[in-house]
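Have a look at the structure below, then the notes.
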Amino acid sequence: MSLRILVPVKRVIDYAVKIRIKSDRSGVETANVKMSMNPFDEIAVEEAVRLKEKGLVAEIIAVSMGNQQCQETLRSAMALGADRSIHVETDKELQPLAVAKILQSLAKTENTNLLVLGKQAIDDDCNQTGQIVAGLLGWPQGTFASKIELSDDKKSLTVKREVDVGLETLRLMLPSVITCDLRLNEPRFAKLSEIMKARKKPIVKKTPEELGVDVEPRIKILKVEEPPTRPPGVKVDSVHALFDKLVEHGFV
Amino acid sequence: GINAEYGGKTMFGRFSTRINKKLIPTTRTLHRFYAKPGGLSFELTEEQEALKNLARNFSRQKILPKAAELDKNGEFPKDLIKEAHELGLMNTHVGEAYGGLGLGIQESCIVAEELAYGCSGVSTAILANELAQVPVILGGSEEQKKKYLGRCVDEPISVSYAVTEPGCGSDVAGIKTKAEKQGDKWILNGQKMWITNAGHANWFFVLARTDPNAKAGKAFTGFVVEADSPGITLGRKEINMGQRASDTRGVSFDNVVVPDANRLSEVGVGFKLAMGAFDRTRPPVAASAVGLAQRALDEAIKYAKERKTMGTEIINHQAVSIMLAEMAIGIQESRLLTQLSAYEIDNGRRNTLYASMAKARAGDVANKAAADAVQIFGGNGFNTEYPVEKLMRDAKIFQIYEGTAQIQRLIITRELANLYG
């Protein structure tokens with residue numbers, strides 16, 4: 001069977017931006033800050049496009065959730081090669097459980113057989129959405145994927161995962177959920193002609209209410225603070241002095 | 001000069017309601033009074049934003065890391081040109097009928113600034129094509145445009161604009177390369193110098209004298225000359241002060257046969273074609289200078305925030321911070337002038353005044369910014385291990401090519417003089 005891939009893409013603060021905490025400690029300052037597609041999601045889109053270039057994919061659908069500006073991220077995904085997009089419009093704060101529930105609903109209606117996500121978003125670093133949606137759908141999951149291959153009979157995937165002790169190889173029967181890690185691929189630059197074409201690809205709007213999903217946050221963020229500044233170090237001028245200092249501070 | 005006499009000389013003296021007409025600008029006025037819905041805007045469109053991101057990512061991830069090495073060995077950046085071509089960053093202004101995207105000069109400027117940030121030698125190699133293409137766009141027949149612009153769109157070729165000669169740079173009217181008609185062919189003889197991309201060009205736009213006696217406005221004709229024509233000799237790749245990845249050479253034409261089918265537009269309109277190109281290419285060149293200046297500023301600020309002297313980061317020393325502030329002011333004003341000059345021509349209006357202002361200012365700003373960046377880096381700035389000495393060497397040419405800083409000021413004065421009746 002041909003793959004029907006759903007790729008969620010999240011609009012996050014650009015990785016190169018130096019972030020600042022809001023003065024009321026409620027979160028990170030996002031006003032007038034450069035936003036981009038989550039880098040791990042770029043890797044996910046790239047992987048889907050590479051599978052498509054091998055002739056294994058019927059359709060790639062990108063999905064993003066949030067306010068109107070998500071459409072920029074969807075245009076980027078389509079410029080990279082997604083065929084069409086879904087924008088789930090909401091102003092509510094979305095946490096991994098809510099996102100997973102929306103993806104569960106969309107995967108059913110879109111007849112998805114492969115859900116490819118970035119392993120985590122660089123703003124909240126949750127690393128939960130892929131795992132939760134796999135559980136909700138009852139699908140096998142291959143997280144932290146560094147290599148994906150479709151079997152010859154097109155019924156299963158061989159996934160190499162990066163785990164703490166090394167590389168683990170799994171075989172997952174389709175339909176399945178993959179989350180992508182850094183070394184899976186190097187995303188391409190979208191060509192200008194593709195960027196222009198993406199303007200004409202369709203974006204369909206939906207709401208969480210339409211999909212019957214309750215997106216109320218279950219976790220409340222109490223405060224956000226900067227990490228404590230590193231205290232200045234002390235320079236020593238010999239190995240002996242270094243050793244003495246280490247002993248003095250109880251490290252040895 | 002501009003005469004500014006107040007009031008007329010009537011019996012009512014300075015209370016006269018007769019105003020000297022010379023004070024009222026003509027229709028080609030500095031400040032146009034037209035109403036446009038939406039008014040002034042400093043926003044980019046979504047496409048322009050996407051284009052800028054593409055150019056920026058390509059420039060900073062692919063061009064910038066190679067810049068120092070290309071500068072050292074002077075190697076022509078063929079791979080980068082190929083990649084830029086694949087991504088659609090070249091030929092953006094070529095019309096859709098010829099396979100291009102038909103984008104405006106504003107888009108060319110957006111790309112130019114971002115690419116030049118990475119390396120202005122590489123950006124010149126990539127974007128010099130535009131200079132050669134414009135006379136074809138302005139004066140070519142449909143077949144000529146399809147053929148020569150189509151070739152550029154289909155493959156990552158380089159092309160050259162060959163007007164300058166060893167004896168004539170600013171003095172274009174004095175060029176000596178001649179084209180003599182023989183039957184249905186032209187025989188081209190002469191020498192061009194400082195031709196960008198010459199060593200790798202697929203075709204040249206050549207300006208040649210076709211009437212030895214006529215005045216400049218009627219004496220020249222433009223031709224597209226295939227680079228593999230017999231009789232063309234390329235000089236050696238010149239070793240220049242900066243933008244060393246770019247290829248500039250002398251080119252000799254020795255009885256080169258050019259079919260009449262390669263003549264662009266009518267005999268005698270070549271000068272207009274060659275000069276008309278500048279209204280479209282000066283803004284992107286100015287934008288490139290802005291890109292270099294921005295790079296100089298970014299490097300200088302980064303350094304000034306880390307380097308410590310006399311107990312604090314040097315950015316806290318006012319002598320340094322004032323230099324940074326001046327750099328930033330210059331960059332922003334050059335960028336705004338460049339954007340205005342592109343906006344005018346994209347909206348179908350003559351932009352010569354603004355294009356010259358942009359190029360004049362941006363060239364000066366780039367040179368000062370780069371020199372100040374070296375200064376802020378101090379001893380390190382003078383050294384090749386740090387990126388700013390290259391910027392200073394690269395910046396100089398922005399005051400020379402595409403019309404010298406002095407010529408720009410002459411153009412500005414002439415345009416201003418014409419504004420007043």
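Naming scheme: A, B, ... for chains in displayed order of the structure tokens; residues 1 onward per chain; ligands 1 onward as shown.
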Subject >> DSSP alpha helix (DSSP H) residues within segment 9-116 of chain A, listed as an NGL selection string >> reply: :A and (39-53 or 70-80 or 96-109)
Original post:
Which chain B residues are at most 7 Å from chain A (counting only C-alpha atoms), as a list in words?
Top reply: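 Applying the cut-off to the listed atoms yields Leu51, Leu54, Glu86, Leu87, Gly88 and Leu89 of chain B.
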Sorted per-residue table, segment 67-128 of chain B near segment 342-365 of chain B, closest atoms and distance, 8 Å, only C-alpha atoms, as JSON lines:
{"residue": "B:Gly104", "atom": "CA", "partner": "B:Asp346", "partner_atom": "CA", "distance": 5.8}
{"residue": "B:Ile105", "atom": "CA", "partner": "B:Ala342", "partner_atom": "CA", "distance": 5.3}
{"residue": "B:Gln106", "atom": "CA", "partner": "B:Ala342", "partner_atom": "CA", "distance": 5.0}
{"residue": "B:Cys109", "atom": "CA", "partner": "B:Ala342", "partner_atom": "CA", "distance": 7.6}
Taking C-alpha atoms for each residue, export the selection above as an mmCIF file, in the first residue's frame.
data_model
loop_
_atom_site.group_PDB
_atom_site.id
_atom_site.type_symbol
_atom_site.label_atom_id
_atom_site.label_comp_id
_atom_site.auth_asym_id
_atom_site.auth_seq_id
_atom_site.Cartn_x
_atom_site.Cartn_y
_atom_site.Cartn_z
ATOM 1 C CA GLY B 104 11.052 42.826 -9.551
ATOM 2 C CA ILE B 105 14.217 44.692 -8.743
ATOM 3 C CA GLN B 106 13.118 44.776 -5.088
ATOM 4 C CA CYS B 109 17.907 43.596 -4.004
#
Original post:
Which residue, B:Lys78, B:His317, B:Lys272, B:Lys52, has the smallest gap to Ala173 of chain B when you use only C-alpha atoms?
Top reply: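 Ranked by minimum distance to Ala173 of chain B, first place goes to B:Lys272.
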Subject >> Contact residues around Leu222 of chain A with only C-alpha atoms at 10 Å, ignoring same-chain residues under 4 positions, as a PyMOL selection string >> reply: chain A and resi 25-27
Expected file contents, prior selection, N, CA, C and O atoms, as a PDB file, in the first residue's frame:
ATOM      1  N   ARG A  25       7.389  37.018  34.304  1.00  0.00           N
ATOM      2  CA  ARG A  25       7.805  35.621  34.519  1.00  0.00           C
ATOM      3  C   ARG A  25       6.780  34.598  34.034  1.00  0.00           C
ATOM      4  O   ARG A  25       6.794  33.447  34.460  1.00  0.00           O
ATOM      5  N   SER A  26       5.835  35.043  33.159  1.00  0.00           N
ATOM      6  CA  SER A  26       4.803  34.090  32.746  1.00  0.00           C
ATOM      7  C   SER A  26       5.255  33.239  31.567  1.00  0.00           C
ATOM      8  O   SER A  26       4.642  32.234  31.254  1.00  0.00           O
ATOM      9  N   GLY A  27       6.298  33.664  30.904  1.00  0.00           N
ATOM     10  CA  GLY A  27       6.745  32.879  29.755  1.00  0.00           C
ATOM     11  C   GLY A  27       7.862  33.591  29.016  1.00  0.00           C
ATOM     12  O   GLY A  27       8.444  34.554  29.518  1.00  0.00           O
TER      13      GLY A  27
END
Subject >> Shell of 10 Å around Asp171 of chain B, only C-alpha atoms, local chain residues under 6 positions omitted, as a ChimeraX atom specification >> reply: /B:164-165,407
Original post:
Could you state the separation of atom CA of Arg56 of chain B and atom CA of Ser160 of chain B in Å, given to one decimal place?
Top reply: 25.2 Å
**OP:** Can you pull out every residue within 12 Å of segment 18-22 of chain A, counting only C-alpha atoms, but drop anything in the same chain fewer than 2 positions away, and send it as a PyMOL selection string?
**Re:** chain A and resi 12-16+24-35+122-123+223-227
Subject >> From B:Lys72, B:Lys308, B:Arg60, B:Arg236, residue lying nearest Glu385 of chain B [only C-alpha atoms] >> reply: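 Of B:Lys72, B:Lys308, B:Arg60, B:Arg236, the one nearest Glu385 of chain B, counting only C-alpha atoms, is B:Lys72.
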Original post:
So which bits of segment 77-174 of chain A end up strand (DSSP E or B) when you DSSP the backbone, as a VMD selection string?
Top reply: chain A and resid 84 to 89 114 to 118 141 to 150 156 to 163 166 to 173
With C-alpha atoms kept, could you save the residues just selected as an mmCIF file, in the first residue's frame?
data_model
loop_
_atom_site.group_PDB
_atom_site.id
_atom_site.type_symbol
_atom_site.label_atom_id
_atom_site.label_comp_id
_atom_site.auth_asym_id
_atom_site.auth_seq_id
_atom_site.Cartn_x
_atom_site.Cartn_y
_atom_site.Cartn_z
ATOM 1 C CA ARG A 84 -1.607 20.040 1.053
ATOM 2 C CA SER A 85 -2.141 21.362 4.543
ATOM 3 C CA ILE A 86 -4.559 21.497 7.413
ATOM 4 C CA HIS A 87 -4.595 24.476 9.747
ATOM 5 C CA VAL A 88 -6.313 23.718 13.046
ATOM 6 C CA GLU A 89 -7.151 27.205 14.194
ATOM 7 C CA LEU A 114 2.361 6.957 8.727
ATOM 8 C CA LEU A 115 2.613 9.802 11.200
ATOM 9 C CA VAL A 116 6.028 11.491 11.086
ATOM 10 C CA LEU A 117 6.873 14.041 13.752
ATOM 11 C CA GLY A 118 9.936 15.860 15.005
ATOM 12 C CA GLN A 141 6.148 3.888 17.521
ATOM 13 C CA GLY A 142 9.782 4.391 16.501
ATOM 14 C CA THR A 143 11.083 7.444 18.309
ATOM 15 C CA PHE A 144 14.471 9.222 17.873
ATOM 16 C CA ALA A 145 14.697 7.701 14.406
ATOM 17 C CA SER A 146 18.031 8.107 12.663
ATOM 18 C CA LYS A 147 17.146 5.909 9.691
ATOM 19 C CA ILE A 148 13.848 4.738 8.192
ATOM 20 C CA GLU A 149 13.319 2.135 5.497
ATOM 21 C CA LEU A 150 10.100 0.783 4.048
ATOM 22 C CA SER A 156 6.441 -2.526 7.692
ATOM 23 C CA LEU A 157 9.206 -0.082 8.482
ATOM 24 C CA THR A 158 12.721 -0.783 9.705
ATOM 25 C CA VAL A 159 13.716 2.023 12.045
ATOM 26 C CA LYS A 160 17.120 2.690 13.577
ATOM 27 C CA ARG A 161 16.738 4.565 16.851
ATOM 28 C CA GLU A 162 19.325 6.551 18.742
ATOM 29 C CA VAL A 163 19.159 5.434 22.349
ATOM 30 C CA GLY A 166 23.747 3.130 21.056
ATOM 31 C CA LEU A 167 21.578 2.291 18.063
ATOM 32 C CA GLU A 168 18.506 0.119 18.312
ATOM 33 C CA THR A 169 16.848 -1.361 15.224
ATOM 34 C CA LEU A 170 13.111 -2.004 15.267
ATOM 35 C CA ARG A 171 10.619 -3.316 12.779
ATOM 36 C CA LEU A 172 7.254 -1.640 12.984
ATOM 37 C CA MET A 173 4.132 -2.806 11.194
#
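Across the structure, atom CA of Leu115 of chain B and atom CA of Ser59 of chain B are spaced 5.1 Å apart.
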